[in-house]
file query.cif (mmCIF, C-alpha atoms and all ligand atoms)
data_protein
#
loop_
_atom_site.group_PDB
_atom_site.id
_atom_site.type_symbol
_atom_site.label_atom_id
_atom_site.label_comp_id
_atom_site.auth_asym_id
_atom_site.auth_seq_id
_atom_site.Cartn_x
_atom_site.Cartn_y
_atom_site.Cartn_z
ATOM 1 C CA MET A 1 -15.713 18.559 -5.920
ATOM 2 C CA LYS A 2 -16.714 16.060 -3.159
ATOM 3 C CA ARG A 3 -13.637 14.510 -1.616
ATOM 4 C CA ILE A 4 -13.301 10.708 -1.647
ATOM 5 C CA PRO A 5 -13.466 9.185 1.874
ATOM 6 C CA ILE A 6 -10.516 6.790 2.203
ATOM 7 C CA ILE A 7 -9.119 4.282 4.688
ATOM 8 C CA LEU A 8 -5.347 3.692 4.672
ATOM 9 C CA ASP A 9 -4.577 0.036 5.453
ATOM 10 C CA GLY A 10 -0.920 -0.965 5.512
ATOM 11 C CA ASP A 11 2.184 -2.447 7.113
ATOM 12 C CA PRO A 12 4.605 0.519 7.257
ATOM 13 C CA GLY A 13 7.095 -0.140 5.861
ATOM 14 C CA HIS A 14 8.956 2.575 3.939
ATOM 15 C CA ASP A 15 6.843 2.383 0.832
ATOM 16 C CA ASP A 16 3.582 2.333 2.792
ATOM 17 C CA ALA A 17 4.795 5.484 4.528
ATOM 18 C CA ILE A 18 5.545 7.174 1.201
ATOM 19 C CA ALA A 19 2.143 6.103 -0.104
ATOM 20 C CA TRP A 20 0.626 7.914 2.882
ATOM 21 C CA VAL A 21 2.776 10.984 2.081
ATOM 22 C CA PHE A 22 1.001 11.088 -1.283
ATOM 23 C CA ALA A 23 -2.447 10.423 0.192
ATOM 24 C CA LYS A 24 -2.203 13.294 2.695
ATOM 25 C CA ALA A 25 -0.682 15.612 0.088
ATOM 26 C CA TYR A 26 -3.749 15.069 -2.118
ATOM 27 C CA GLU A 27 -6.155 16.335 0.504
ATOM 28 C CA ASP A 28 -8.198 18.171 -2.127
ATOM 29 C CA LEU A 29 -9.069 14.726 -3.476
ATOM 30 C CA PHE A 30 -8.906 12.434 -0.430
ATOM 31 C CA ASP A 31 -10.574 12.692 2.978
ATOM 32 C CA ILE A 32 -8.592 10.292 5.200
ATOM 33 C CA LYS A 33 -11.139 8.749 7.574
ATOM 34 C CA GLY A 34 -8.917 6.176 9.265
ATOM 35 C CA VAL A 35 -5.522 4.490 9.345
ATOM 36 C CA ILE A 36 -5.256 0.755 10.062
ATOM 37 C CA SER A 37 -2.075 -1.233 10.647
ATOM 38 C CA VAL A 38 -1.498 -4.868 9.723
ATOM 39 C CA SER A 39 1.388 -7.224 10.428
ATOM 40 C CA GLY A 40 3.581 -7.733 7.386
ATOM 41 C CA ASN A 41 6.829 -5.875 6.849
ATOM 42 C CA GLN A 42 7.217 -6.097 10.603
ATOM 43 C CA THR A 43 5.209 -7.415 13.546
ATOM 44 C CA ILE A 44 1.972 -5.651 14.407
ATOM 45 C CA ASP A 45 3.410 -3.742 17.368
ATOM 46 C CA LYS A 46 6.011 -2.183 15.079
ATOM 47 C CA THR A 47 3.749 -1.455 12.098
ATOM 48 C CA THR A 48 1.250 0.096 14.502
ATOM 49 C CA ILE A 49 3.669 2.473 16.241
ATOM 50 C CA ASN A 50 5.075 3.316 12.791
ATOM 51 C CA SER A 51 1.539 4.181 11.627
ATOM 52 C CA GLN A 52 1.115 6.477 14.623
ATOM 53 C CA LYS A 53 4.470 8.194 13.993
ATOM 54 C CA ILE A 54 3.795 8.671 10.276
ATOM 55 C CA CYS A 55 0.464 10.320 11.101
ATOM 56 C CA ALA A 56 2.297 12.661 13.504
ATOM 57 C CA LEU A 57 4.900 13.449 10.831
ATOM 58 C CA LEU A 58 2.337 14.219 8.128
ATOM 59 C CA GLY A 59 -0.368 15.810 10.275
ATOM 60 C CA ILE A 60 -2.944 13.094 9.539
ATOM 61 C CA LYS A 61 -5.666 13.707 12.146
ATOM 62 C CA ALA A 62 -7.752 10.596 11.448
ATOM 63 C CA PRO A 63 -8.227 7.802 14.007
ATOM 64 C CA ILE A 64 -5.531 5.092 13.967
ATOM 65 C CA ALA A 65 -6.301 1.487 14.938
ATOM 66 C CA GLN A 66 -4.256 -1.663 15.321
ATOM 67 C CA GLY A 67 -5.301 -4.296 12.805
ATOM 68 C CA ALA A 68 -4.596 -7.981 12.384
ATOM 69 C CA VAL A 69 -1.876 -9.451 14.549
ATOM 70 C CA ARG A 70 -1.378 -12.348 12.101
ATOM 71 C CA PRO A 71 -2.695 -13.689 8.813
ATOM 72 C CA LEU A 72 -5.902 -15.785 8.678
ATOM 73 C CA LEU A 73 -3.978 -19.080 8.427
ATOM 74 C CA ASN A 74 -0.264 -18.488 7.796
ATOM 75 C CA PRO A 75 2.152 -17.719 10.642
ATOM 76 C CA VAL A 76 3.549 -14.160 10.709
ATOM 77 C CA MET A 77 6.338 -13.637 8.166
ATOM 78 C CA THR A 78 8.192 -10.289 8.260
ATOM 79 C CA ALA A 79 10.580 -8.452 5.911
ATOM 80 C CA GLY A 80 13.175 -6.960 8.235
ATOM 81 C CA ASN A 81 15.815 -7.418 5.533
ATOM 82 C CA TRP A 82 14.056 -4.714 3.506
ATOM 83 C CA HIS A 83 12.638 -2.419 6.201
ATOM 84 C CA GLY A 84 14.957 -2.897 9.184
ATOM 85 C CA GLU A 85 14.303 -3.881 12.791
ATOM 86 C CA SER A 86 11.743 -1.139 13.418
ATOM 87 C CA GLY A 87 10.088 -1.679 10.053
ATOM 88 C CA LEU A 88 10.817 1.970 9.225
ATOM 89 C CA ASP A 89 14.535 2.422 9.847
ATOM 90 C CA GLY A 90 16.496 5.421 8.629
ATOM 91 C CA ALA A 91 14.959 8.550 10.117
ATOM 92 C CA GLU A 92 14.011 9.974 13.525
ATOM 93 C CA LEU A 93 10.251 10.500 13.733
ATOM 94 C CA PRO A 94 7.970 12.613 15.949
ATOM 95 C CA GLU A 95 6.183 11.243 18.995
ATOM 96 C CA PRO A 96 3.319 8.955 17.872
ATOM 97 C CA GLU A 97 -0.282 10.073 17.569
ATOM 98 C CA ALA A 98 -2.708 8.330 19.945
ATOM 99 C CA LEU A 99 -4.101 4.894 19.116
ATOM 100 C CA SER A 100 -7.870 4.250 18.972
ATOM 101 C CA ASP A 101 -9.426 1.847 21.489
ATOM 102 C CA LEU A 102 -11.188 0.185 18.572
ATOM 103 C CA SER A 103 -9.656 -2.733 16.684
ATOM 104 C CA GLY A 104 -8.795 -2.218 13.028
ATOM 105 C CA VAL A 105 -11.898 -4.048 11.838
ATOM 106 C CA GLU A 106 -14.120 -2.170 14.310
ATOM 107 C CA LEU A 107 -12.761 1.189 13.110
ATOM 108 C CA MET A 108 -13.199 0.238 9.450
ATOM 109 C CA ALA A 109 -16.792 -0.852 10.152
ATOM 110 C CA LYS A 110 -17.520 2.386 12.058
ATOM 111 C CA ILE A 111 -16.195 4.473 9.144
ATOM 112 C CA LEU A 112 -18.291 2.537 6.621
ATOM 113 C CA LYS A 113 -21.444 2.760 8.744
ATOM 114 C CA GLU A 114 -21.057 6.527 9.242
ATOM 115 C CA SER A 115 -20.089 7.420 5.670
ATOM 116 C CA GLU A 116 -22.795 8.776 3.372
ATOM 117 C CA GLU A 117 -20.529 8.107 0.372
ATOM 118 C CA PRO A 118 -18.935 4.787 -0.657
ATOM 119 C CA VAL A 119 -15.510 4.509 0.993
ATOM 120 C CA THR A 120 -12.282 3.685 -0.837
ATOM 121 C CA ILE A 121 -9.832 1.399 0.956
ATOM 122 C CA ILE A 122 -6.160 1.742 -0.023
ATOM 123 C CA SER A 123 -4.424 -1.479 1.024
ATOM 124 C CA THR A 124 -0.655 -1.627 0.828
ATOM 125 C CA GLY A 125 0.010 -4.670 2.998
ATOM 126 C CA PRO A 126 -1.410 -8.150 3.465
ATOM 127 C CA LEU A 127 -5.190 -8.131 2.977
ATOM 128 C CA THR A 128 -6.041 -9.633 6.370
ATOM 129 C CA ASN A 129 -7.890 -6.552 7.695
ATOM 130 C CA VAL A 130 -10.077 -6.245 4.609
ATOM 131 C CA ALA A 131 -10.887 -9.963 4.581
ATOM 132 C CA GLN A 132 -11.794 -9.890 8.279
ATOM 133 C CA LEU A 133 -13.976 -6.816 7.673
ATOM 134 C CA LEU A 134 -15.847 -8.611 4.859
ATOM 135 C CA MET A 135 -16.278 -11.776 6.921
ATOM 136 C CA THR A 136 -17.355 -9.971 10.100
ATOM 137 C CA TYR A 137 -19.592 -7.298 8.541
ATOM 138 C CA PRO A 138 -20.839 -8.715 5.180
ATOM 139 C CA GLU A 139 -23.674 -6.181 5.227
ATOM 140 C CA LEU A 140 -21.126 -3.336 4.943
ATOM 141 C CA LYS A 141 -19.614 -4.572 1.652
ATOM 142 C CA ILE A 142 -22.036 -2.287 -0.179
ATOM 143 C CA LYS A 143 -20.416 0.744 1.532
ATOM 144 C CA ILE A 144 -17.015 0.001 -0.067
ATOM 145 C CA GLY A 145 -16.658 1.758 -3.427
ATOM 146 C CA VAL A 146 -13.175 0.678 -4.458
ATOM 147 C CA ILE A 147 -10.270 -1.235 -2.954
ATOM 148 C CA SER A 148 -6.945 -0.106 -4.406
ATOM 149 C CA ILE A 149 -4.348 -2.773 -3.684
ATOM 150 C CA MET A 150 -0.603 -2.922 -3.958
ATOM 151 C CA GLY A 151 -0.144 -6.648 -4.269
ATOM 152 C CA GLY A 152 0.604 -9.533 -6.542
ATOM 153 C CA GLY A 153 2.860 -10.081 -9.490
ATOM 154 C CA LEU A 154 0.883 -10.679 -12.702
ATOM 155 C CA THR A 155 3.644 -12.833 -14.144
ATOM 156 C CA TYR A 156 6.190 -13.363 -11.348
ATOM 157 C CA GLY A 157 6.816 -13.021 -7.622
ATOM 158 C CA ASN A 158 9.307 -11.391 -5.315
ATOM 159 C CA TRP A 159 8.982 -13.364 -2.074
ATOM 160 C CA THR A 160 8.920 -16.642 -4.005
ATOM 161 C CA MET A 161 9.290 -17.365 -7.716
ATOM 162 C CA ALA A 162 5.525 -17.035 -8.092
ATOM 163 C CA ALA A 163 4.190 -14.955 -5.201
ATOM 164 C CA GLU A 164 4.470 -11.336 -4.095
ATOM 165 C CA PHE A 165 4.920 -10.604 -0.378
ATOM 166 C CA ASN A 166 1.541 -9.002 0.452
ATOM 167 C CA ILE A 167 -0.367 -11.840 -1.153
ATOM 168 C CA ILE A 168 1.684 -14.792 0.079
ATOM 169 C CA GLU A 169 1.635 -13.373 3.591
ATOM 170 C CA ASP A 170 -2.120 -14.089 3.625
ATOM 171 C CA PRO A 171 -3.340 -15.914 0.495
ATOM 172 C CA GLU A 172 -6.718 -16.783 2.043
ATOM 173 C CA ALA A 173 -7.357 -13.107 2.773
ATOM 174 C CA ALA A 174 -6.373 -12.181 -0.778
ATOM 175 C CA TRP A 175 -8.674 -14.882 -2.177
ATOM 176 C CA THR A 176 -11.548 -13.472 -0.101
ATOM 177 C CA VAL A 177 -10.959 -9.954 -1.447
ATOM 178 C CA PHE A 178 -10.450 -10.974 -5.094
ATOM 179 C CA HIS A 179 -13.703 -12.993 -4.921
ATOM 180 C CA SER A 180 -15.677 -10.247 -3.143
ATOM 181 C CA GLY A 181 -17.085 -8.603 -6.270
ATOM 182 C CA ILE A 182 -15.879 -5.204 -5.012
ATOM 183 C CA ARG A 183 -14.245 -2.911 -7.605
ATOM 184 C CA LEU A 184 -10.517 -3.610 -7.353
ATOM 185 C CA TYR A 185 -7.583 -1.586 -8.623
ATOM 186 C CA VAL A 186 -4.394 -3.654 -8.507
ATOM 187 C CA SER A 187 -0.813 -2.396 -8.644
ATOM 188 C CA ALA A 188 1.338 -5.500 -9.049
ATOM 189 C CA LEU A 189 5.089 -6.006 -9.284
ATOM 190 C CA ASN A 190 5.106 -5.783 -13.101
ATOM 191 C CA VAL A 191 4.593 -2.049 -12.594
ATOM 192 C CA THR A 192 5.543 -1.347 -8.982
ATOM 193 C CA GLU A 193 9.095 -2.644 -9.448
ATOM 194 C CA ARG A 194 9.416 0.101 -12.047
ATOM 195 C CA ALA A 195 8.193 2.687 -9.539
ATOM 196 C CA LEU A 196 11.884 2.936 -8.908
ATOM 197 C CA ILE A 197 13.727 5.665 -7.001
ATOM 198 C CA ARG A 198 17.366 5.726 -8.017
ATOM 199 C CA PRO A 199 20.260 7.098 -5.938
ATOM 200 C CA SER A 200 20.346 10.159 -8.214
ATOM 201 C CA ASP A 201 16.687 10.891 -7.333
ATOM 202 C CA ILE A 202 17.362 11.211 -3.608
ATOM 203 C CA GLU A 203 18.918 14.664 -3.938
ATOM 204 C CA LYS A 204 15.903 15.824 -6.024
ATOM 205 C CA ILE A 205 13.706 14.722 -3.099
ATOM 206 C CA ARG A 206 15.949 16.392 -0.506
ATOM 207 C CA ALA A 207 16.016 19.569 -2.611
ATOM 208 C CA VAL A 208 12.265 20.005 -2.021
ATOM 209 C CA GLY A 209 13.669 21.505 1.157
ATOM 210 C CA ASN A 210 11.112 20.857 3.879
ATOM 211 C CA ASP A 211 11.117 18.664 6.990
ATOM 212 C CA VAL A 212 8.959 15.916 5.474
ATOM 213 C CA ALA A 213 11.077 15.735 2.310
ATOM 214 C CA GLU A 214 14.181 15.323 4.478
ATOM 215 C CA VAL A 215 12.592 12.385 6.293
ATOM 216 C CA VAL A 216 11.551 10.792 2.990
ATOM 217 C CA ALA A 217 15.090 11.230 1.629
ATOM 218 C CA LYS A 218 16.471 9.515 4.748
ATOM 219 C CA TRP A 219 13.914 6.703 4.473
ATOM 220 C CA ILE A 220 14.967 6.058 0.870
ATOM 221 C CA GLU A 221 18.661 6.225 1.759
ATOM 222 C CA PHE A 222 17.949 3.329 4.126
ATOM 223 C CA PHE A 223 15.395 1.456 2.020
ATOM 224 C CA ILE A 224 17.544 1.531 -1.171
ATOM 225 C CA GLN A 225 20.398 -0.451 0.384
ATOM 226 C CA TYR A 226 18.927 -3.956 0.338
ATOM 227 C CA PRO A 227 17.400 -3.918 -3.185
ATOM 228 C CA MET A 228 20.595 -2.476 -4.678
ATOM 229 C CA ALA A 229 22.623 -5.148 -2.886
ATOM 230 C CA ILE A 230 20.542 -7.832 -4.642
ATOM 231 C CA GLY A 231 20.662 -6.218 -8.074
ATOM 232 C CA TYR A 232 17.941 -3.582 -8.363
ATOM 233 C CA GLU A 233 18.940 -0.228 -9.912
ATOM 234 C CA GLY A 234 17.307 1.599 -7.026
ATOM 235 C CA ALA A 235 14.483 1.285 -4.494
ATOM 236 C CA PRO A 236 11.236 -0.212 -5.827
ATOM 237 C CA VAL A 237 8.792 2.025 -3.960
ATOM 238 C CA HIS A 238 5.754 -0.137 -4.595
ATOM 239 C CA ASP A 239 2.943 1.160 -2.414
ATOM 240 C CA PRO A 240 2.390 4.711 -3.702
ATOM 241 C CA CYS A 241 1.080 3.122 -6.929
ATOM 242 C CA ALA A 242 -2.068 2.117 -5.033
ATOM 243 C CA VAL A 243 -2.682 5.816 -4.253
ATOM 244 C CA LEU A 244 -1.563 7.102 -7.649
ATOM 245 C CA MET A 245 -3.864 4.739 -9.580
ATOM 246 C CA LEU A 246 -6.682 6.743 -7.985
ATOM 247 C CA ALA A 247 -5.107 10.211 -7.977
ATOM 248 C CA LYS A 248 -2.920 10.253 -11.101
ATOM 249 C CA PRO A 249 -4.305 7.710 -13.589
ATOM 250 C CA ASP A 250 -2.272 9.420 -16.344
ATOM 251 C CA LEU A 251 0.801 7.792 -14.816
ATOM 252 C CA PHE A 252 -0.328 4.319 -15.840
ATOM 253 C CA GLU A 253 -1.557 2.142 -18.655
ATOM 254 C CA CYS A 254 -4.228 -0.192 -17.239
ATOM 255 C CA LYS A 255 -5.995 -3.380 -18.303
ATOM 256 C CA ASP A 256 -9.105 -5.087 -16.916
ATOM 257 C CA LEU A 257 -8.140 -8.676 -16.087
ATOM 258 C CA TYR A 258 -9.453 -11.739 -14.320
ATOM 259 C CA VAL A 259 -7.019 -12.532 -11.494
ATOM 260 C CA ASP A 260 -7.318 -15.460 -9.101
ATOM 261 C CA ILE A 261 -5.259 -16.482 -6.083
ATOM 262 C CA GLU A 262 -3.468 -19.836 -5.902
ATOM 263 C CA LEU A 263 -3.894 -21.411 -2.475
ATOM 264 C CA GLU A 264 -2.556 -24.933 -2.987
ATOM 265 C CA GLY A 265 0.561 -25.147 -5.195
ATOM 266 C CA GLU A 266 3.818 -26.403 -3.709
ATOM 267 C CA PHE A 267 5.704 -23.731 -5.672
ATOM 268 C CA THR A 268 2.837 -21.385 -6.421
ATOM 269 C CA ARG A 269 0.850 -20.762 -3.206
ATOM 270 C CA GLY A 270 0.092 -17.024 -3.056
ATOM 271 C CA GLU A 271 0.472 -16.511 -6.799
ATOM 272 C CA THR A 272 -1.840 -13.973 -8.442
ATOM 273 C CA VAL A 273 -2.766 -15.865 -11.608
ATOM 274 C CA ALA A 274 -3.783 -13.328 -14.273
ATOM 275 C CA ASP A 275 -5.776 -14.227 -17.396
ATOM 276 C CA PHE A 276 -4.271 -12.308 -20.330
ATOM 277 C CA ARG A 277 -6.105 -14.387 -22.960
ATOM 278 C CA ASP A 278 -8.051 -11.956 -25.149
ATOM 279 C CA TRP A 279 -10.571 -14.714 -25.874
ATOM 280 C CA SER A 280 -11.081 -15.618 -22.211
ATOM 281 C CA THR A 281 -14.654 -16.053 -21.029
ATOM 282 C CA GLU A 282 -13.655 -15.133 -17.475
ATOM 283 C CA LYS A 283 -15.221 -11.805 -16.429
ATOM 284 C CA PRO A 284 -12.447 -9.400 -15.291
ATOM 285 C CA ASN A 285 -12.505 -8.812 -11.512
ATOM 286 C CA CYS A 286 -9.924 -6.040 -11.360
ATOM 287 C CA THR A 287 -8.259 -3.164 -13.165
ATOM 288 C CA CYS A 288 -4.498 -3.714 -13.197
ATOM 289 C CA CYS A 289 -1.834 -1.207 -14.096
ATOM 290 C CA VAL A 290 0.443 -2.732 -16.736
ATOM 291 C CA ASP A 291 2.798 0.180 -17.443
ATOM 292 C CA ILE A 292 4.059 3.320 -15.664
ATOM 293 C CA ASP A 293 5.750 6.567 -16.681
ATOM 294 C CA GLN A 294 8.785 6.259 -14.426
ATOM 295 C CA GLU A 295 10.012 9.852 -14.979
ATOM 296 C CA LYS A 296 6.655 11.237 -13.949
ATOM 297 C CA TYR A 297 6.636 9.053 -10.816
ATOM 298 C CA VAL A 298 9.596 10.867 -9.229
ATOM 299 C CA LYS A 299 8.264 14.225 -10.450
ATOM 300 C CA TYR A 300 4.900 13.552 -8.762
ATOM 301 C CA LEU A 301 6.662 12.594 -5.529
ATOM 302 C CA CYS A 302 8.584 15.876 -5.453
ATOM 303 C CA GLU A 303 5.407 17.814 -6.281
ATOM 304 C CA ALA A 304 3.484 16.007 -3.542
ATOM 305 C CA LEU A 305 6.227 16.763 -1.027
ATOM 306 C CA HIS A 306 5.788 20.500 -1.645
ATOM 307 C CA ALA A 307 2.359 20.116 -0.031
ATOM 308 C CA TYR A 308 4.327 19.989 3.250
ATOM 309 C CA ASP A 309 6.179 23.285 2.704
ATOM 310 C CA GLY A 310 5.973 25.218 5.919
ATOM 311 C CA ARG A 311 5.143 22.118 7.975
ATOM 312 C CA LYS A 312 7.588 22.208 10.882
ATOM 313 C CA VAL A 313 8.140 18.733 12.328
ATOM 314 C CA LYS A 314 9.172 18.486 16.002
ATOM 315 C CA ILE A 315 11.488 15.461 16.323
HETATM 316 O O1 LIG B 1 6.037 -6.783 -2.239
HETATM 317 C C1 LIG B 1 6.037 -5.428 -1.886
HETATM 318 C C2 LIG B 1 5.029 -5.155 -0.815
HETATM 319 O O2 LIG B 1 5.345 -5.888 0.357
HETATM 320 C C3 LIG B 1 5.006 -3.684 -0.364
HETATM 321 O O3 LIG B 1 3.714 -3.351 0.055
HETATM 322 C C4 LIG B 1 5.931 -3.674 0.819
HETATM 323 O O4 LIG B 1 5.636 -2.612 1.732
HETATM 324 C C5 LIG B 1 5.609 -4.997 1.444
HETATM 325 O O5 LIG B 1 4.433 -4.828 2.221
HETATM 326 CA CA CA B 2 3.387 -2.468 2.308
#
call {"tool": "encode", "arguments": {"input": "query.cif", "output": "C-alpha cells"}}
result
Amino acid sequence: MKRIPIILDGDPGHDDAIAWVFAKAYEDLFDIKGVISVSGNQTIDKTTINSQKICALLGIKAPIAQGAVRPLLNPVMTAGNWHGESGLDGAELPEPEALSDLSGVELMAKILKESEEPVTIISTGPLTNVAQLLMTYPELKIKIGVISIMGGGLTYGNWTMAAEFNIIEDPEAAWTVFHSGIRLYVSALNVTERALIRPSDIEKIRAVGNDVAEVVAKWIEFFIQYPMAIGYEGAPVHDPCAVLMLAKPDLFECKDLYVDIELEGEFTRGETVADFRDWSTEKPNCTCCVDIDQEKYVKYLCEALHAYDGRKVKI
C-alpha cells in the first residue's frame, strides 16, 4: 500500500514527542517528509532543539526546520508549568539531528511542491506554521490532503474557561486553517483529556523494555506531576490523538461538525465554537473525535513502542 507522506508540525512538548513516537512507529503507513517546530509549549529555540533531539532518539531521518518564532498577532505565551524549562524535561536525550537552512514554511512548501501525492500535515501545536504556509503559498493548498489537528475544546477550554492552549496561542492562525476548506481532522480536549496515562500505566510502558520506552516512561513521570497536582487522574497526553485519528480510527467515535474560531470575546477569544445542532444549515468543516477507547490508547502506545525494539540510543 502507498505510504501517506506526512509533515509533523508541533511544539514539543512531551505529548508532541509521544505523538511523533507513534508516527515513526507506523512507518508502514506514514512517510515522514519533514518536521517543523513552532513556539508554544516553550519558546522556538527550545521547541526546535527538542524537535532535533526527538528525531535523533527515534531515528527520524527527515529534514527538520525551525518554524514560527511567534503567533501571527498574539505575543508568545509558553507552558513551562506543564513541560518544564526545556519544554521536554525528564529524560536525557541524544545529540540533536542537524537543522535545515530552510525556514519551516519554506520546508513545508518544498515538500508540497515535490510530492506527487497529497500531503497530510499533523499539527500538534499552535497553527501558525500552517496559516503562514497558506498565506504565503496559496497555490499549494491543493497539495494538502488532510490536516490532523490536536486543538480546541468543543465545549470547554484548558488555558481559559473557553479556549484550549494551541488555539488561543494563535486564534488568527486557527481561523485561517478552519476557513481554508482543507479536510480537517480535529482532536479536541473533550477526547484528548481522556487520552490519559495514569501512574499505574508507566510501568506497563517501561516494561516494553527498550531504550525509547524508557525515555517515554521518564517523560511521563515528569509530565504527570503538574496535571495530577491540579486534579487530573493522570497525564492527559493530548497530541498522539492527531496521529491516531489517521492510523487507528477504531480508537475513536467521530462526528462531522461545523467549528468556528472566536476572535473577539472578552472571555471567549480562542474558543472553538462547535455546532452540535442536528438541524444546523452550517456545512461541517471538520471531522471531530467525540469519544475514545481509553484502554486501547495505552495498549496502542505499548505496541507502538515495540517498533523500537533493538534500537540502541546513545545518550
Ligand atoms: O492543550 C494541549 C495542547 O497544548 C497540546 O498540544 C500540548 O502539547 C500543548 O501544545
Ligand atoms: Ca503540542
call {"tool": "atom_distance", "arguments": {"input": "query.cif", "atom1": "atom CA of A:Glu114", "atom2": "atom CA of A:Ser100"}}
result
16.5 Å
call {"tool": "resolve_selection", "arguments": {"input": "query.cif", "expression": "the PyMOL selection byres (((chain A and resi 267) around 8) and not hetatm)", "output": "list of chain:residue names"}}
result
A:Thr160, A:Met161, A:Ala162, A:Gly265, A:Glu266, A:Thr268, A:Arg269
call {"tool": "residues_near_point", "arguments": {"input": "query.cif", "point": "(11.5, -1.5, -15.4)", "cutoff": "12 Å", "atoms": "all atoms listed in the file", "output": "count of residues only"}}
result
21
call {"tool": "residues_around", "arguments": {"input": "query.cif", "residues": "stretch 45-56 of chain A", "least_positions_apart": "4", "cutoff": "7 Å", "atoms": "all atoms listed in the file", "output": "list in words"}}
result
Asp11, Pro12, Ala17, Ser37, Val38, Ser39, Ile60, Ile64, Gln66, Ser86, Gly87, Leu88, Leu93, Pro94, Glu95, Pro96, Glu97 and Ala98 of chain A
call {"tool": "closest_atom_pairs", "arguments": {"input": "query.cif", "of": "stretch 219-273 of chain A", "to": "stretch 297-308 of chain A", "cutoff": "10 Å", "atoms": "all atoms listed in the file", "output": "tab-separated table"}}
result
residue	atom	partner	partner_atom	distance
A:Pro240	CA	A:Leu301	CA	9.2
A:Cys241	CA	A:Tyr297	CA	9.0
A:Leu244	CA	A:Tyr297	CA	9.0
A:Lys248	CA	A:Tyr300	CA	8.8
A:Leu251	CA	A:Tyr297	CA	7.2
A:Phe252	CA	A:Tyr297	CA	9.8
call {"tool": "residues_near_ligand", "arguments": {"input": "query.cif", "ligand": "ligand CA 2 (chain B)", "cutoff": "12 Å", "atoms": "all atoms listed in the file", "output": "JSON, numbers by chain"}}
result
{"A": [8, 9, 10, 11, 12, 13, 14, 15, 16, 17, 18, 19, 20, 37, 38, 39, 40, 41, 42, 47, 51, 78, 79, 82, 83, 87, 88, 122, 123, 124, 125, 126, 127, 149, 150, 151, 152, 164, 165, 166, 167, 169, 187, 188, 192, 236, 237, 238, 239, 240, 241, 242]}
call {"tool": "closest_residue", "arguments": {"input": "query.cif", "among": "A:Val105, A:Ala163, A:Ile147, A:Ile7", "to": "ligand LIG 1 (chain B)", "atoms": "all atoms listed in the file"}}
result
A:Ala163
call {"tool": "resolve_selection", "arguments": {"input": "query.cif", "expression": "the PyMOL selection byres (((chain A and resi 132-137) around 9) and not hetatm)", "output": "PDB file with C-alpha atoms, keeping the file's coordinate frame"}}
result
ATOM      1  CA  ALA A  68      -4.596  -7.981  12.384  1.00  0.00           C
ATOM      2  CA  LEU A  72      -5.902 -15.785   8.678  1.00  0.00           C
ATOM      3  CA  GLY A 104      -8.795  -2.218  13.028  1.00  0.00           C
ATOM      4  CA  VAL A 105     -11.898  -4.048  11.838  1.00  0.00           C
ATOM      5  CA  GLU A 106     -14.120  -2.170  14.310  1.00  0.00           C
ATOM      6  CA  MET A 108     -13.199   0.238   9.450  1.00  0.00           C
ATOM      7  CA  ALA A 109     -16.792  -0.852  10.152  1.00  0.00           C
ATOM      8  CA  LEU A 127      -5.190  -8.131   2.977  1.00  0.00           C
ATOM      9  CA  THR A 128      -6.041  -9.633   6.370  1.00  0.00           C
ATOM     10  CA  ASN A 129      -7.890  -6.552   7.695  1.00  0.00           C
ATOM     11  CA  VAL A 130     -10.077  -6.245   4.609  1.00  0.00           C
ATOM     12  CA  ALA A 131     -10.887  -9.963   4.581  1.00  0.00           C
ATOM     13  CA  PRO A 138     -20.839  -8.715   5.180  1.00  0.00           C
ATOM     14  CA  GLU A 139     -23.674  -6.181   5.227  1.00  0.00           C
ATOM     15  CA  LEU A 140     -21.126  -3.336   4.943  1.00  0.00           C
ATOM     16  CA  LYS A 141     -19.614  -4.572   1.652  1.00  0.00           C
ATOM     17  CA  ALA A 173      -7.357 -13.107   2.773  1.00  0.00           C
ATOM     18  CA  THR A 176     -11.548 -13.472  -0.101  1.00  0.00           C
ATOM     19  CA  VAL A 177     -10.959  -9.954  -1.447  1.00  0.00           C
ATOM     20  CA  SER A 180     -15.677 -10.247  -3.143  1.00  0.00           C
TER      21      SER A 180
END
call {"tool": "residues_around", "arguments": {"input": "query.cif", "residues": "A:Pro171", "least_positions_apart": "6", "cutoff": "8 Å", "atoms": "all atoms listed in the file", "output": "list in words"}}
result
Ile261, Glu262, Leu263, Arg269 and Gly270 of chain A
call {"tool": "axis_aligned_box", "arguments": {"input": "query.cif", "around": "ligand LIG 1 (chain B)", "padding_each_side": "5 Å", "output": "JSON"}}
result
{"center_x": 4.9, "center_y": -4.7, "center_z": 0.0, "size_x": 12.3, "size_y": 14.2, "size_z": 14.5}
call {"tool": "closest_residue", "arguments": {"input": "query.cif", "among": "A:Gly67, A:Gly80, A:Gly209, A:Gly90", "to": "ligand LIG 1 (chain B)", "atoms": "only C-alpha atoms and all ligand atoms"}}
result
A:Gly80
